[in-house]
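Enquirer: I'm passing along query.pdb; it holds PDB, C-alpha atoms.
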ATOM      1  CA  MET A   1       0.000   0.000   0.000  1.00  0.00           C
ATOM      2  CA  THR A   2       1.558   3.289  -1.050  1.00  0.00           C
ATOM      3  CA  ALA A   3      -0.771   5.879   0.503  1.00  0.00           C
ATOM      4  CA  PRO A   4      -1.691   5.859   4.202  1.00  0.00           C
ATOM      5  CA  LEU A   5      -5.153   4.643   5.171  1.00  0.00           C
ATOM      6  CA  ILE A   6      -7.192   6.717   7.644  1.00  0.00           C
ATOM      7  CA  LEU A   7     -10.523   5.935   9.264  1.00  0.00           C
ATOM      8  CA  ALA A   8     -12.472   9.187   9.680  1.00  0.00           C
ATOM      9  CA  SER A   9     -14.310   8.123  12.805  1.00  0.00           C
ATOM     10  CA  THR A  10     -14.188   8.075  16.583  1.00  0.00           C
ATOM     11  CA  SER A  11     -16.331   4.915  16.725  1.00  0.00           C
ATOM     12  CA  ARG A  12     -14.616   2.017  18.456  1.00  0.00           C
ATOM     13  CA  TYR A  13     -16.995  -0.328  16.604  1.00  0.00           C
ATOM     14  CA  ARG A  14     -15.787   0.896  13.207  1.00  0.00           C
ATOM     15  CA  ARG A  15     -12.162   0.739  14.328  1.00  0.00           C
ATOM     16  CA  GLU A  16     -12.584  -2.853  15.527  1.00  0.00           C
ATOM     17  CA  LEU A  17     -14.253  -3.835  12.247  1.00  0.00           C
ATOM     18  CA  LEU A  18     -11.520  -2.258  10.108  1.00  0.00           C
ATOM     19  CA  GLU A  19      -8.882  -4.128  12.140  1.00  0.00           C
ATOM     20  CA  ARG A  20     -10.319  -7.361  10.690  1.00  0.00           C
ATOM     21  CA  LEU A  21      -8.781  -6.479   7.303  1.00  0.00           C
ATOM     22  CA  HIS A  22      -5.223  -6.485   8.745  1.00  0.00           C
ATOM     23  CA  LEU A  23      -4.339  -3.246   6.970  1.00  0.00           C
ATOM     24  CA  PRO A  24      -2.303  -0.564   8.725  1.00  0.00           C
ATOM     25  CA  PHE A  25      -4.468   2.491   9.397  1.00  0.00           C
ATOM     26  CA  THR A  26      -4.811   5.453  11.692  1.00  0.00           C
ATOM     27  CA  VAL A  27      -7.939   7.042  13.105  1.00  0.00           C
ATOM     28  CA  GLN A  28      -8.873  10.703  13.017  1.00  0.00           C
ATOM     29  CA  ALA A  29     -12.027  12.451  14.201  1.00  0.00           C
ATOM     30  CA  PRO A  30     -13.742  14.122  11.236  1.00  0.00           C
ATOM     31  CA  HIS A  31     -15.362  17.009  13.189  1.00  0.00           C
ATOM     32  CA  THR A  32     -18.380  17.023  10.865  1.00  0.00           C
ATOM     33  CA  ASP A  33     -21.744  18.640  11.570  1.00  0.00           C
ATOM     34  CA  GLU A  34     -24.201  15.734  11.616  1.00  0.00           C
ATOM     35  CA  THR A  35     -27.365  17.843  11.647  1.00  0.00           C
ATOM     36  CA  PRO A  36     -29.893  16.547   9.102  1.00  0.00           C
ATOM     37  CA  LEU A  37     -30.914  18.938   6.348  1.00  0.00           C
ATOM     38  CA  PRO A  38     -34.594  19.938   6.299  1.00  0.00           C
ATOM     39  CA  GLY A  39     -36.612  17.055   4.857  1.00  0.00           C
ATOM     40  CA  GLU A  40     -33.513  14.891   4.339  1.00  0.00           C
ATOM     41  CA  ALA A  41     -34.318  11.187   4.104  1.00  0.00           C
ATOM     42  CA  PRO A  42     -32.340   8.819   6.370  1.00  0.00           C
ATOM     43  CA  ALA A  43     -30.601   7.126   3.400  1.00  0.00           C
ATOM     44  CA  ALA A  44     -29.503  10.469   1.943  1.00  0.00           C
ATOM     45  CA  LEU A  45     -28.335  11.650   5.366  1.00  0.00           C
ATOM     46  CA  ALA A  46     -26.209   8.537   5.948  1.00  0.00           C
ATOM     47  CA  GLN A  47     -24.571   8.777   2.533  1.00  0.00           C
ATOM     48  CA  ARG A  48     -23.991  12.539   2.782  1.00  0.00           C
ATOM     49  CA  LEU A  49     -22.406  12.260   6.238  1.00  0.00           C
ATOM     50  CA  ALA A  50     -20.160   9.350   5.256  1.00  0.00           C
ATOM     51  CA  LEU A  51     -18.785  11.371   2.339  1.00  0.00           C
ATOM     52  CA  ALA A  52     -18.514  14.581   4.400  1.00  0.00           C
ATOM     53  CA  LYS A  53     -16.509  12.781   7.106  1.00  0.00           C
ATOM     54  CA  ALA A  54     -14.105  11.292   4.574  1.00  0.00           C
ATOM     55  CA  GLN A  55     -13.730  14.628   2.754  1.00  0.00           C
ATOM     56  CA  ALA A  56     -13.063  16.533   5.992  1.00  0.00           C
ATOM     57  CA  VAL A  57     -10.147  14.290   6.947  1.00  0.00           C
ATOM     58  CA  ALA A  58      -8.905  13.966   3.342  1.00  0.00           C
ATOM     59  CA  ALA A  59      -8.623  17.759   3.164  1.00  0.00           C
ATOM     60  CA  LEU A  60      -6.000  17.500   5.932  1.00  0.00           C
ATOM     61  CA  HIS A  61      -4.263  14.467   4.383  1.00  0.00           C
ATOM     62  CA  PRO A  62      -4.464  14.805   0.579  1.00  0.00           C
ATOM     63  CA  ASP A  63      -2.089  11.881  -0.056  1.00  0.00           C
ATOM     64  CA  ALA A  64      -4.063   9.411   2.084  1.00  0.00           C
ATOM     65  CA  TRP A  65      -7.044   7.163   1.455  1.00  0.00           C
ATOM     66  CA  VAL A  66      -9.763   8.126   3.920  1.00  0.00           C
ATOM     67  CA  ILE A  67     -12.728   5.958   4.904  1.00  0.00           C
ATOM     68  CA  GLY A  68     -15.929   7.615   6.066  1.00  0.00           C
ATOM     69  CA  SER A  69     -19.024   5.841   7.312  1.00  0.00           C
ATOM     70  CA  ASP A  70     -22.279   6.842   8.928  1.00  0.00           C
ATOM     71  CA  GLN A  71     -25.401   4.984   9.915  1.00  0.00           C
ATOM     72  CA  VAL A  72     -28.963   6.170  10.315  1.00  0.00           C
ATOM     73  CA  ALA A  73     -31.783   3.917  11.484  1.00  0.00           C
ATOM     74  CA  ASP A  74     -34.816   4.438   9.241  1.00  0.00           C
ATOM     75  CA  LEU A  75     -38.289   3.731  10.596  1.00  0.00           C
ATOM     76  CA  ASP A  76     -40.739   4.359   7.756  1.00  0.00           C
ATOM     77  CA  GLY A  77     -38.679   7.306   6.517  1.00  0.00           C
ATOM     78  CA  GLU A  78     -38.038   8.786   9.969  1.00  0.00           C
ATOM     79  CA  PRO A  79     -34.461   8.822  11.282  1.00  0.00           C
ATOM     80  CA  ILE A  80     -33.944   7.073  14.623  1.00  0.00           C
ATOM     81  CA  GLY A  81     -30.724   8.180  16.258  1.00  0.00           C
ATOM     82  CA  LYS A  82     -28.612   7.121  19.202  1.00  0.00           C
ATOM     83  CA  PRO A  83     -30.705   7.361  22.368  1.00  0.00           C
ATOM     84  CA  GLY A  84     -27.996   8.821  24.613  1.00  0.00           C
ATOM     85  CA  ASP A  85     -29.614   7.634  27.855  1.00  0.00           C
ATOM     86  CA  ILE A  86     -31.522   4.654  29.242  1.00  0.00           C
ATOM     87  CA  ALA A  87     -34.942   6.356  29.309  1.00  0.00           C
ATOM     88  CA  ARG A  88     -34.702   7.210  25.606  1.00  0.00           C
ATOM     89  CA  ALA A  89     -33.389   3.726  24.821  1.00  0.00           C
ATOM     90  CA  GLN A  90     -36.391   2.171  26.591  1.00  0.00           C
ATOM     91  CA  ALA A  91     -38.776   4.398  24.626  1.00  0.00           C
ATOM     92  CA  GLN A  92     -36.956   3.641  21.367  1.00  0.00           C
ATOM     93  CA  LEU A  93     -37.077  -0.123  21.846  1.00  0.00           C
ATOM     94  CA  ALA A  94     -40.752   0.008  22.828  1.00  0.00           C
ATOM     95  CA  ARG A  95     -41.445   1.896  19.608  1.00  0.00           C
ATOM     96  CA  LEU A  96     -39.402  -0.540  17.499  1.00  0.00           C
ATOM     97  CA  SER A  97     -41.018  -3.618  19.043  1.00  0.00           C
ATOM     98  CA  GLY A  98     -42.528  -5.813  16.323  1.00  0.00           C
ATOM     99  CA  ARG A  99     -41.455  -3.433  13.566  1.00  0.00           C
ATOM    100  CA  THR A 100     -38.964  -3.457  10.712  1.00  0.00           C
ATOM    101  CA  VAL A 101     -36.211  -0.854  10.671  1.00  0.00           C
ATOM    102  CA  VAL A 102     -33.786  -0.240   7.809  1.00  0.00           C
ATOM    103  CA  PHE A 103     -30.318   0.630   9.035  1.00  0.00           C
ATOM    104  CA  GLN A 104     -28.910   2.824   6.272  1.00  0.00           C
ATOM    105  CA  THR A 105     -25.110   2.685   6.319  1.00  0.00           C
ATOM    106  CA  GLY A 106     -23.304   5.187   4.147  1.00  0.00           C
ATOM    107  CA  LEU A 107     -19.726   4.426   3.109  1.00  0.00           C
ATOM    108  CA  ALA A 108     -17.173   6.628   1.371  1.00  0.00           C
ATOM    109  CA  LEU A 109     -13.562   6.296   0.279  1.00  0.00           C
ATOM    110  CA  VAL A 110     -11.748   9.504  -0.622  1.00  0.00           C
ATOM    111  CA  GLY A 111      -8.168   9.528  -1.839  1.00  0.00           C
ATOM    112  CA  PRO A 112      -5.722  11.002  -4.309  1.00  0.00           C
ATOM    113  CA  GLY A 113      -7.853  12.126  -7.245  1.00  0.00           C
ATOM    114  CA  SER A 114     -10.778   9.882  -6.375  1.00  0.00           C
ATOM    115  CA  GLN A 115     -13.884   9.679  -4.263  1.00  0.00           C
ATOM    116  CA  ARG A 116     -16.551   6.990  -4.130  1.00  0.00           C
ATOM    117  CA  SER A 117     -19.577   6.641  -1.926  1.00  0.00           C
ATOM    118  CA  LEU A 118     -22.393   4.158  -1.635  1.00  0.00           C
ATOM    119  CA  LEU A 119     -25.200   3.041   0.621  1.00  0.00           C
ATOM    120  CA  VAL A 120     -25.614  -0.378   2.229  1.00  0.00           C
ATOM    121  CA  PRO A 121     -29.100  -0.939   3.710  1.00  0.00           C
ATOM    122  CA  VAL A 122     -29.815  -3.624   6.307  1.00  0.00           C
ATOM    123  CA  ARG A 123     -33.413  -4.590   7.094  1.00  0.00           C
ATOM    124  CA  VAL A 124     -33.913  -5.575  10.726  1.00  0.00           C
ATOM    125  CA  ARG A 125     -37.145  -6.975  12.131  1.00  0.00           C
ATOM    126  CA  PHE A 126     -37.479  -6.524  15.889  1.00  0.00           C
ATOM    127  CA  ARG A 127     -39.419  -9.177  17.736  1.00  0.00           C
ATOM    128  CA  THR A 128     -42.352  -8.120  19.906  1.00  0.00           C
ATOM    129  CA  LEU A 129     -40.788  -6.974  23.164  1.00  0.00           C
ATOM    130  CA  SER A 130     -42.294  -6.685  26.625  1.00  0.00           C
ATOM    131  CA  LEU A 131     -41.301  -3.743  28.803  1.00  0.00           C
ATOM    132  CA  ALA A 132     -39.644  -6.245  31.155  1.00  0.00           C
ATOM    133  CA  ALA A 133     -37.543  -7.691  28.310  1.00  0.00           C
ATOM    134  CA  ILE A 134     -36.492  -4.188  27.264  1.00  0.00           C
ATOM    135  CA  ALA A 135     -35.519  -3.289  30.839  1.00  0.00           C
ATOM    136  CA  ARG A 136     -33.560  -6.524  31.273  1.00  0.00           C
ATOM    137  CA  TYR A 137     -31.721  -5.996  27.991  1.00  0.00           C
ATOM    138  CA  LEU A 138     -30.735  -2.433  28.854  1.00  0.00           C
ATOM    139  CA  THR A 139     -29.577  -3.528  32.327  1.00  0.00           C
ATOM    140  CA  LEU A 140     -27.301  -6.151  30.788  1.00  0.00           C
ATOM    141  CA  GLU A 141     -26.229  -4.140  27.728  1.00  0.00           C
ATOM    142  CA  PRO A 142     -26.975  -0.414  27.933  1.00  0.00           C
ATOM    143  CA  ALA A 143     -26.848   0.305  24.195  1.00  0.00           C
ATOM    144  CA  ILE A 144     -27.217   4.070  24.469  1.00  0.00           C
ATOM    145  CA  ASP A 145     -24.512   4.759  21.855  1.00  0.00           C
ATOM    146  CA  CYS A 146     -26.179   2.742  19.054  1.00  0.00           C
ATOM    147  CA  ALA A 147     -28.879   3.884  16.657  1.00  0.00           C
ATOM    148  CA  GLY A 148     -31.940   1.817  17.465  1.00  0.00           C
ATOM    149  CA  SER A 149     -30.674   1.000  20.981  1.00  0.00           C
ATOM    150  CA  ALA A 150     -29.570  -2.534  20.096  1.00  0.00           C
ATOM    151  CA  LYS A 151     -26.133  -4.079  19.582  1.00  0.00           C
ATOM    152  CA  SER A 152     -26.615  -6.965  17.189  1.00  0.00           C
ATOM    153  CA  GLU A 153     -23.030  -8.079  17.824  1.00  0.00           C
ATOM    154  CA  GLY A 154     -23.943  -8.627  21.478  1.00  0.00           C
ATOM    155  CA  LEU A 155     -27.054  -9.505  23.463  1.00  0.00           C
ATOM    156  CA  GLY A 156     -29.072  -7.203  21.193  1.00  0.00           C
ATOM    157  CA  ILE A 157     -29.326 -10.099  18.747  1.00  0.00           C
ATOM    158  CA  ALA A 158     -31.950 -11.535  21.136  1.00  0.00           C
ATOM    159  CA  LEU A 159     -34.187  -8.535  20.390  1.00  0.00           C
ATOM    160  CA  LEU A 160     -34.424  -9.444  16.722  1.00  0.00           C
ATOM    161  CA  ASP A 161     -36.477 -11.803  14.577  1.00  0.00           C
ATOM    162  CA  ALA A 162     -34.544 -11.323  11.323  1.00  0.00           C
ATOM    163  CA  ILE A 163     -31.693  -9.486   9.611  1.00  0.00           C
ATOM    164  CA  GLU A 164     -31.589  -9.123   5.824  1.00  0.00           C
ATOM    165  CA  SER A 165     -28.356  -7.862   4.279  1.00  0.00           C
ATOM    166  CA  ASP A 166     -25.734  -8.497   1.624  1.00  0.00           C
ATOM    167  CA  ASP A 167     -23.085  -7.132   4.013  1.00  0.00           C
ATOM    168  CA  PRO A 168     -23.599  -8.210   7.646  1.00  0.00           C
ATOM    169  CA  THR A 169     -21.009  -5.878   9.182  1.00  0.00           C
ATOM    170  CA  ALA A 170     -22.975  -2.905   7.828  1.00  0.00           C
ATOM    171  CA  LEU A 171     -25.332  -3.305  10.776  1.00  0.00           C
ATOM    172  CA  ILE A 172     -22.427  -2.730  13.176  1.00  0.00           C
ATOM    173  CA  GLY A 173     -21.453   0.422  11.287  1.00  0.00           C
ATOM    174  CA  LEU A 174     -18.823  -0.400   8.653  1.00  0.00           C
ATOM    175  CA  PRO A 175     -19.774  -2.602   5.669  1.00  0.00           C
ATOM    176  CA  LEU A 176     -16.561  -4.556   5.130  1.00  0.00           C
ATOM    177  CA  ILE A 177     -17.655  -6.344   1.944  1.00  0.00           C
ATOM    178  CA  ALA A 178     -18.498  -3.034   0.257  1.00  0.00           C
ATOM    179  CA  LEU A 179     -15.358  -1.434   1.701  1.00  0.00           C
ATOM    180  CA  GLY A 180     -13.261  -4.283   0.329  1.00  0.00           C
ATOM    181  CA  ARG A 181     -14.603  -3.557  -3.161  1.00  0.00           C
ATOM    182  CA  LEU A 182     -13.834   0.170  -2.835  1.00  0.00           C
ATOM    183  CA  LEU A 183     -10.332  -0.532  -1.519  1.00  0.00           C
ATOM    184  CA  ARG A 184      -9.570  -2.993  -4.335  1.00  0.00           C
ATOM    185  CA  GLU A 185     -10.704  -0.380  -6.878  1.00  0.00           C
ATOM    186  CA  ALA A 186      -8.183   1.964  -5.231  1.00  0.00           C
ATOM    187  CA  GLY A 187      -5.438  -0.680  -5.541  1.00  0.00           C
ATOM    188  CA  ILE A 188      -5.534  -1.770  -1.879  1.00  0.00           C
ATOM    189  CA  ASP A 189      -6.183  -5.464  -1.201  1.00  0.00           C
ATOM    190  CA  PRO A 190      -5.546  -6.985   2.235  1.00  0.00           C
ATOM    191  CA  LEU A 191      -4.912 -10.348   0.564  1.00  0.00           C
ATOM    192  CA  ASP A 192      -2.112  -9.093  -1.688  1.00  0.00           C
ATOM    193  CA  ALA A 193       1.375  -9.934  -0.502  1.00  0.00           C
ATOM    194  CA  ALA A 194       3.267  -6.866   0.640  1.00  0.00           C
TER     195      ALA A 194
END
When written as structure tokens, how does the structure in this file appear?
Expert:
Amino acid sequence: MTAPLILASTSRYRRELLERLHLPFTVQAPHTDETPLPGEAPAALAQRLALAKAQAVAALHPDAWVIGSDQVADLDGEPIGKPGDIARAQAQLARLSGRTVVFQTGLALVGPGSQRSLLVPVRVRFRTLSLAAIARYLTLEPAIDCAGSAKSEGLGIALLDAIESDDPTALIGLPLIALGRLLREAGIDPLDAA
């Protein structure tokens, strides 16, 4: 790999996912305003923010390849964000009970003379949840830093009836299959001998 690789994110989940590819990379906070535009659909918001994060860090490192990603939970066209506290997480999970949510994960790769972005949707069907089940889950795994209040990579999987996706890591926040394609197009393949 000739150019450095940078993950434009402060998310430990995205960092841990990218480590799976065994590529050397650094992490830098993108300092991007994540406020939705008036009337902006969740899918458009996720894709716009992923590209904006990558562009913000790439502006500081023009010779690097920068990965940006953002996820917005989409309930019938309404964005569902990170709850931030247990009370909001309880309310969120009660609202999502028995419903299907599309987790829209935007992905961007910006580098020397190139930028690509795409969207990887994941359909998630929540099982019908009692208030007691919600409370127990949040006691054991307080998922206040996750859109939709559920960590599918942990106990949150027990909240779900089904996950439909072509890229399972997209639900955690960084679609590695799609990222692999973008990296290979940029001449970076973790399976190539150095």
Enquirer: Quick check on the file I pasted: which residues fall under the PyMOL selection byres ((chain A and resi 146) around 9)? Write them as an mmCIF file with C-alpha atoms, in the frame of the given file.
Expert:
data_model
loop_
_atom_site.group_PDB
_atom_site.id
_atom_site.type_symbol
_atom_site.label_atom_id
_atom_site.label_comp_id
_atom_site.auth_asym_id
_atom_site.auth_seq_id
_atom_site.Cartn_x
_atom_site.Cartn_y
_atom_site.Cartn_z
ATOM 1 C CA GLY A 81 -30.724 8.180 16.258
ATOM 2 C CA LYS A 82 -28.612 7.121 19.202
ATOM 3 C CA PRO A 83 -30.705 7.361 22.368
ATOM 4 C CA GLY A 84 -27.996 8.821 24.613
ATOM 5 C CA ALA A 143 -26.848 0.305 24.195
ATOM 6 C CA ILE A 144 -27.217 4.070 24.469
ATOM 7 C CA ASP A 145 -24.512 4.759 21.855
ATOM 8 C CA ALA A 147 -28.879 3.884 16.657
ATOM 9 C CA GLY A 148 -31.940 1.817 17.465
ATOM 10 C CA SER A 149 -30.674 1.000 20.981
ATOM 11 C CA ALA A 150 -29.570 -2.534 20.096
ATOM 12 C CA LYS A 151 -26.133 -4.079 19.582
ATOM 13 C CA ILE A 172 -22.427 -2.730 13.176
#
Enquirer: I want to know what sits within 8 Å of stretch 43-45 of chain A, based on only C-alpha atoms, with residues of the same chain fewer than 4 positions away left out; could you give that as a list in words?
Expert: Pro36, Leu37, Leu49, Val72, Asp74, Gln104, Thr105, Gly106 and Leu119 of chain A
Enquirer: Pick out the residues sitting within 12 Å of A:Leu51, and hand them over as a JSON list (two decimals) with C-alpha atoms, in the coordinates of the input; count all atoms listed in the file, and ignore anything fewer than 2 positions along from it in its own chain.
Expert:
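This is the output file out.json:
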[["chain", "number", "residue", "atom", "x", "y", "z"],
["A", 8, "ALA", "CA", -12.47, 9.19, 9.68],
["A", 9, "SER", "CA", -14.31, 8.12, 12.80],
["A", 30, "PRO", "CA", -13.74, 14.12, 11.24],
["A", 32, "THR", "CA", -18.38, 17.02, 10.86],
["A", 34, "GLU", "CA", -24.20, 15.73, 11.62],
["A", 44, "ALA", "CA", -29.50, 10.47, 1.94],
["A", 45, "LEU", "CA", -28.34, 11.65, 5.37],
["A", 46, "ALA", "CA", -26.21, 8.54, 5.95],
["A", 47, "GLN", "CA", -24.57, 8.78, 2.53],
["A", 48, "ARG", "CA", -23.99, 12.54, 2.78],
["A", 49, "LEU", "CA", -22.41, 12.26, 6.24],
["A", 53, "LYS", "CA", -16.51, 12.78, 7.11],
["A", 54, "ALA", "CA", -14.10, 11.29, 4.57],
["A", 55, "GLN", "CA", -13.73, 14.63, 2.75],
["A", 56, "ALA", "CA", -13.06, 16.53, 5.99],
["A", 57, "VAL", "CA", -10.15, 14.29, 6.95],
["A", 58, "ALA", "CA", -8.90, 13.97, 3.34],
["A", 66, "VAL", "CA", -9.76, 8.13, 3.92],
["A", 67, "ILE", "CA", -12.73, 5.96, 4.90],
["A", 68, "GLY", "CA", -15.93, 7.62, 6.07],
["A", 69, "SER", "CA", -19.02, 5.84, 7.31],
["A", 70, "ASP", "CA", -22.28, 6.84, 8.93],
["A", 71, "GLN", "CA", -25.40, 4.98, 9.91],
["A", 105, "THR", "CA", -25.11, 2.68, 6.32],
["A", 106, "GLY", "CA", -23.30, 5.19, 4.15],
["A", 107, "LEU", "CA", -19.73, 4.43, 3.11],
["A", 108, "ALA", "CA", -17.17, 6.63, 1.37],
["A", 109, "LEU", "CA", -13.56, 6.30, 0.28],
["A", 110, "VAL", "CA", -11.75, 9.50, -0.62],
["A", 111, "GLY", "CA", -8.17, 9.53, -1.84],
["A", 114, "SER", "CA", -10.78, 9.88, -6.38],
["A", 115, "GLN", "CA", -13.88, 9.68, -4.26],
["A", 116, "ARG", "CA", -16.55, 6.99, -4.13],
["A", 117, "SER", "CA", -19.58, 6.64, -1.93],
["A", 118, "LEU", "CA", -22.39, 4.16, -1.64],
["A", 119, "LEU", "CA", -25.20, 3.04, 0.62]]
Enquirer: For a test of reading the model, state the distance in Å between atom CA of A:Ala162 and atom CA of A:Arg181, rounded to one decimal.
Expert: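 Taking atom CA of A:Ala162 as the start and atom CA of A:Arg181 as the end point, the length is 25.8 Å.
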Enquirer: Can you pull out every residue within 9 Å of A:Val102, counting all atoms listed in the file, but drop anything in the same chain fewer than 6 positions away, and send it as number ranges by chain?
Expert: A: 72-76, 121-125
Enquirer: Between atom CA of A:Leu17 and atom CA of A:Thr169, what is the spacing in Å?
Expert: 7.7 Å
Enquirer: Which of these, A:Glu153, A:Glu78, A:Asp63, A:Glu141, has the shortest distance to A:Pro168 once you count all atoms listed in the file?
Expert: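 Distance minimum relative to A:Pro168 lands on A:Glu153.
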Enquirer: Please indicate the distance in Å from atom CA of A:Leu5 to atom CA of A:Ile177, rounded to one decimal place.
Expert: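 Answer for the atom CA of A:Leu5 to atom CA of A:Ile177 separation: 17.0 Å.
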Enquirer: From the set A:Gln28, A:Thr100, A:Thr128, A:Thr35, which residue has the shortest atom-to-atom contact distance to A:Leu159, counting all atoms listed in the file?
Expert: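 For A:Leu159, the nearest of the candidates is A:Thr128.
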Enquirer: Pick out the closest residue to A:Gly77 from this set: A:Ile6, A:Ala41, A:Leu155, A:Leu140. Count all atoms listed in the file.
Expert: A:Ala41
Enquirer: Find the residue from A:Arg15, A:Pro62, A:Thr139, A:Pro112 that sits nearest to A:Ala29; use all atoms listed in the file when measuring.
Expert: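 For A:Ala29, the nearest of the given residues is A:Arg15.
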Enquirer: Go through A:Ile188, A:Leu131, A:Phe126, A:Gly180 one by one, measure the shortest atom-to-atom distance of each to A:Ile163 using only C-alpha atoms, and give the residue with the smallest value.
Expert: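 Closest to A:Ile163, using only C-alpha atoms: A:Phe126.
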Enquirer: Of the candidates A:Ala133, A:Val120, A:Leu160, A:Ile86, which shows the shortest atom-to-atom distance to A:Leu179, using all atoms listed in the file?
Expert: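 Of A:Ala133, A:Val120, A:Leu160, A:Ile86, the one nearest A:Leu179 is A:Val120, counting all atoms listed in the file.
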Enquirer: Every residue with an atom at most 9 Å from (-35.9, -5.1, 27.9) (file coordinates; only C-alpha atoms) is what I'm after, so could you write them as a count of residues only?
Expert: 15
Enquirer: Just stretch 120-126 of chain A, please, as a PDB file, in the first residue's frame (only all heavy atoms).
Expert:
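Written out: decode.pdb:
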ATOM      1  N   VAL A 120     -25.374   1.038   1.969  1.00  0.00           N
ATOM      2  CA  VAL A 120     -25.614  -0.378   2.229  1.00  0.00           C
ATOM      3  C   VAL A 120     -26.766  -0.473   3.242  1.00  0.00           C
ATOM      4  O   VAL A 120     -26.565  -0.227   4.430  1.00  0.00           O
ATOM      5  CB  VAL A 120     -24.359  -1.078   2.779  1.00  0.00           C
ATOM      6  CG1 VAL A 120     -24.633  -2.550   3.027  1.00  0.00           C
ATOM      7  CG2 VAL A 120     -23.181  -0.898   1.825  1.00  0.00           C
ATOM      8  N   PRO A 121     -27.967  -0.814   2.780  1.00  0.00           N
ATOM      9  CA  PRO A 121     -29.100  -0.939   3.710  1.00  0.00           C
ATOM     10  C   PRO A 121     -29.159  -2.325   4.340  1.00  0.00           C
ATOM     11  O   PRO A 121     -28.801  -3.325   3.715  1.00  0.00           O
ATOM     12  CB  PRO A 121     -30.314  -0.708   2.804  1.00  0.00           C
ATOM     13  CG  PRO A 121     -29.865  -1.170   1.452  1.00  0.00           C
ATOM     14  CD  PRO A 121     -28.376  -0.934   1.385  1.00  0.00           C
ATOM     15  N   VAL A 122     -29.602  -2.360   5.592  1.00  0.00           N
ATOM     16  CA  VAL A 122     -29.815  -3.624   6.307  1.00  0.00           C
ATOM     17  C   VAL A 122     -31.213  -3.561   6.913  1.00  0.00           C
ATOM     18  O   VAL A 122     -31.506  -2.668   7.704  1.00  0.00           O
ATOM     19  CB  VAL A 122     -28.771  -3.830   7.428  1.00  0.00           C
ATOM     20  CG1 VAL A 122     -29.030  -5.135   8.172  1.00  0.00           C
ATOM     21  CG2 VAL A 122     -27.357  -3.793   6.883  1.00  0.00           C
ATOM     22  N   ARG A 123     -32.056  -4.514   6.534  1.00  0.00           N
ATOM     23  CA  ARG A 123     -33.413  -4.590   7.094  1.00  0.00           C
ATOM     24  C   ARG A 123     -33.377  -5.455   8.359  1.00  0.00           C
ATOM     25  O   ARG A 123     -32.897  -6.583   8.322  1.00  0.00           O
ATOM     26  CB  ARG A 123     -34.392  -5.187   6.086  1.00  0.00           C
ATOM     27  CG  ARG A 123     -34.605  -4.304   4.864  1.00  0.00           C
ATOM     28  CD  ARG A 123     -35.564  -4.937   3.862  1.00  0.00           C
ATOM     29  NE  ARG A 123     -36.848  -5.291   4.438  1.00  0.00           N
ATOM     30  CZ  ARG A 123     -37.869  -4.440   4.622  1.00  0.00           C
ATOM     31  NH1 ARG A 123     -37.740  -3.182   4.255  1.00  0.00           N
ATOM     32  NH2 ARG A 123     -38.997  -4.852   5.147  1.00  0.00           N
ATOM     33  N   VAL A 124     -33.909  -4.890   9.440  1.00  0.00           N
ATOM     34  CA  VAL A 124     -33.913  -5.575  10.726  1.00  0.00           C
ATOM     35  C   VAL A 124     -35.342  -5.620  11.256  1.00  0.00           C
ATOM     36  O   VAL A 124     -35.985  -4.579  11.380  1.00  0.00           O
ATOM     37  CB  VAL A 124     -32.995  -4.850  11.741  1.00  0.00           C
ATOM     38  CG1 VAL A 124     -33.099  -5.483  13.120  1.00  0.00           C
ATOM     39  CG2 VAL A 124     -31.558  -4.848  11.248  1.00  0.00           C
ATOM     40  N   ARG A 125     -35.811  -6.829  11.550  1.00  0.00           N
ATOM     41  CA  ARG A 125     -37.145  -6.975  12.131  1.00  0.00           C
ATOM     42  C   ARG A 125     -36.991  -7.272  13.622  1.00  0.00           C
ATOM     43  O   ARG A 125     -36.400  -8.280  14.015  1.00  0.00           O
ATOM     44  CB  ARG A 125     -37.933  -8.090  11.447  1.00  0.00           C
ATOM     45  CG  ARG A 125     -39.408  -8.097  11.847  1.00  0.00           C
ATOM     46  CD  ARG A 125     -40.237  -9.057  11.012  1.00  0.00           C
ATOM     47  NE  ARG A 125     -39.873 -10.447  11.247  1.00  0.00           N
ATOM     48  CZ  ARG A 125     -39.326 -11.257  10.345  1.00  0.00           C
ATOM     49  NH1 ARG A 125     -39.077 -10.837   9.124  1.00  0.00           N
ATOM     50  NH2 ARG A 125     -39.038 -12.511  10.655  1.00  0.00           N
ATOM     51  N   PHE A 126     -37.499  -6.341  14.440  1.00  0.00           N
ATOM     52  CA  PHE A 126     -37.479  -6.524  15.889  1.00  0.00           C
ATOM     53  C   PHE A 126     -38.610  -7.466  16.289  1.00  0.00           C
ATOM     54  O   PHE A 126     -39.706  -7.401  15.737  1.00  0.00           O
ATOM     55  CB  PHE A 126     -37.666  -5.179  16.606  1.00  0.00           C
ATOM     56  CG  PHE A 126     -36.417  -4.342  16.651  1.00  0.00           C
ATOM     57  CD1 PHE A 126     -35.999  -3.622  15.544  1.00  0.00           C
ATOM     58  CD2 PHE A 126     -35.655  -4.274  17.804  1.00  0.00           C
ATOM     59  CE1 PHE A 126     -34.847  -2.856  15.577  1.00  0.00           C
ATOM     60  CE2 PHE A 126     -34.503  -3.505  17.852  1.00  0.00           C
ATOM     61  CZ  PHE A 126     -34.101  -2.799  16.734  1.00  0.00           C
TER      62      PHE A 126
END
